[in-house]
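One structure is given below, encoded as structure tokens.
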Amino acid sequence: MTSYPNKVKDNATFRPSSLRLMDQVIEVLRYHHYGKRTEQAYIRWIKNYIYFHHKQHPKEMGKTEIEAYLSHLAVEKNVAASTQNQAFNALIFLYKQVLDLPVSENIAAIRSKKPVRLPVVLSQNEVINLLQYMSSESALMARIMYGGGFRLMELLRLRVQDVDFANGYITIRSGKGDKDRTTLLAASVCEDLQAHLQSVREIFTQDAANGHANVWLPHALAKKYPSAPKSWEWQYLFPSKSLSQDPESGETRRHHVNESGLQKAIRAAKLKAGINKRVTSHTLRHSFATHLLESGTNIRVVQKLLGHADVKTTEIYTHVLQQNLGAVVSPLDNLKAS
């Protein structure tokens, strides 16, 4: 493992030149503390770019090849604009951060069109029906998600110390864009969440007795606070039912629950409730935002709770508001029989 300097000067970039290209990419990604999913996505795009150009080394390619690849994604693969942007960002990272090569500022690839799609939103009655067909932990997770507008992974990565019962809010650490924010902790969920924490505490106590009270910490916190991984406040709010081995360190740890569990529970509840909409975990976040706006909450407040960098992103929910439709009568209902 390459040893990193303790301090890096402003604008300095770490580039492990002695490694193979993809190993260099991984090292630099981890040096700059990119998230695991971002790391996986960037590696996939960079490999795809190299294979698209018949395994040429990126040093031998440049603006023309980047444009050809991005245009291929838009025209041949018909990827979404956000997907093409992610591929573009991965290539910029490769050239600037890993290879230390300049990248043209006027990349003129064919851009994917960004269609305006309204989010699927449940009515309040539909939320009630959905939740009643979910059981135990999955229902608690769904209630917290709807009650605070969480993204799925933001919910799963919550730690015990992130919940502030006294003040009624939850802190989200390193959310999208690596930003922290606070959001609502619904009063109606507190009693069940405290009961859940008691059962999590029992699991933690048993792990401690067996020498497995250990949890992954982000970035260099584990080195800075060596006892933190074994402390109660750093444990996941929704821990996995089983221990697992960390693929990087080899340590035995208890990770958070897998996201597929909640996703499957929501799909099953949607079918049982007879909801004829495409419902995912993100639908609860969309519903949270829309229902707040319907109740008169200022859009800037909703923006902060959702963690949107630009209020224009939040404004999409104003297009699906239902509060004024009840006063509008369809012209069909105004027809009078002649």
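Residue numbers start at 1 in each chain; chains themselves are named A, B, ... in the order of the structure tokens; ligands are numbered from 1 in the order shown.
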
TODO: Name the residues in contact with region 289-304 of chain A at a cut-off of 7 Å, using only C-alpha atoms, excluding same-chain residues fewer than 6 positions from it; report them as a list in words.
DONE: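 These residues fall inside the cut-off: Gly149, Val311, Thr314, Tyr317, Leu321 and Gln323 of chain A.
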
Open item on the list: If DSSP is run on the backbone, what residues of region 124-274 of chain A are strand (DSSP E or B)? A reply as a list in words would be ideal.
Closed with: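 Those in region 124-274 of chain A that DSSP calls strand (DSSP E or B) are Arg159, Val163, Asp164, Tyr169, Ile170, Thr171, Ile172, Arg181, Thr182, Thr183, Leu184, Tyr236, Pro239, Ser244, Gln245, Thr252, Arg253 and His256 of chain A.
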
Residue subset to file, keeping C-alpha atoms, as a PDB file, in the first residue's frame:
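To be explicit, this is the file written out as again_1.pdb:
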```pdb
ATOM      1  CA  ARG A 159     -25.227   6.251  13.059  1.00  0.00           C
ATOM      2  CA  VAL A 163     -30.358  11.079  15.993  1.00  0.00           C
ATOM      3  CA  ASP A 164     -31.234  13.996  18.275  1.00  0.00           C
ATOM      4  CA  TYR A 169     -33.899  16.273  14.059  1.00  0.00           C
ATOM      5  CA  ILE A 170     -31.466  13.872  12.390  1.00  0.00           C
ATOM      6  CA  THR A 171     -28.048  14.815  11.033  1.00  0.00           C
ATOM      7  CA  ILE A 172     -27.077  13.396   7.652  1.00  0.00           C
ATOM      8  CA  ARG A 181     -27.290  18.615   6.676  1.00  0.00           C
ATOM      9  CA  THR A 182     -30.071  18.197   9.223  1.00  0.00           C
ATOM     10  CA  THR A 183     -33.603  17.068   8.543  1.00  0.00           C
ATOM     11  CA  LEU A 184     -36.764  16.281  10.463  1.00  0.00           C
ATOM     12  CA  TYR A 236     -25.140   1.966  12.487  1.00  0.00           C
ATOM     13  CA  PRO A 239     -27.131  -2.772  11.423  1.00  0.00           C
ATOM     14  CA  SER A 244     -19.066  -9.644   7.511  1.00  0.00           C
ATOM     15  CA  GLN A 245     -15.450  -9.254   6.498  1.00  0.00           C
ATOM     16  CA  THR A 252     -14.718  -8.596  10.827  1.00  0.00           C
ATOM     17  CA  ARG A 253     -17.390  -5.953  11.190  1.00  0.00           C
ATOM     18  CA  HIS A 256     -25.468  -1.564   7.847  1.00  0.00           C
TER      19      HIS A 256
END
```

Task: Selection: 9 Å around Gly62 (chain A), only C-alpha atoms, excl. self and same-chain fewer than 2 positions, as a PyMOL selection string - done: chain A and resi 58-60+64-67+95+102-104

Task: Length of the CA of Phe52 (chain A) to CA of His33 (chain A) vector [Å] - done: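 Computing the Euclidean distance for CA of Phe52 (chain A) and CA of His33 (chain A) yields 27.9 Å.
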
Open item on the list: Can you pull out the residues contacting region 128-141 of chain A? Cut-off 8 Å, using only C-alpha atoms, and skip same-chain residues under 6 positions away; I want them as a PyMOL selection string.
Closed with: chain A and resi 155+189+192-193+196+261-262+265-266+269-270+272-273
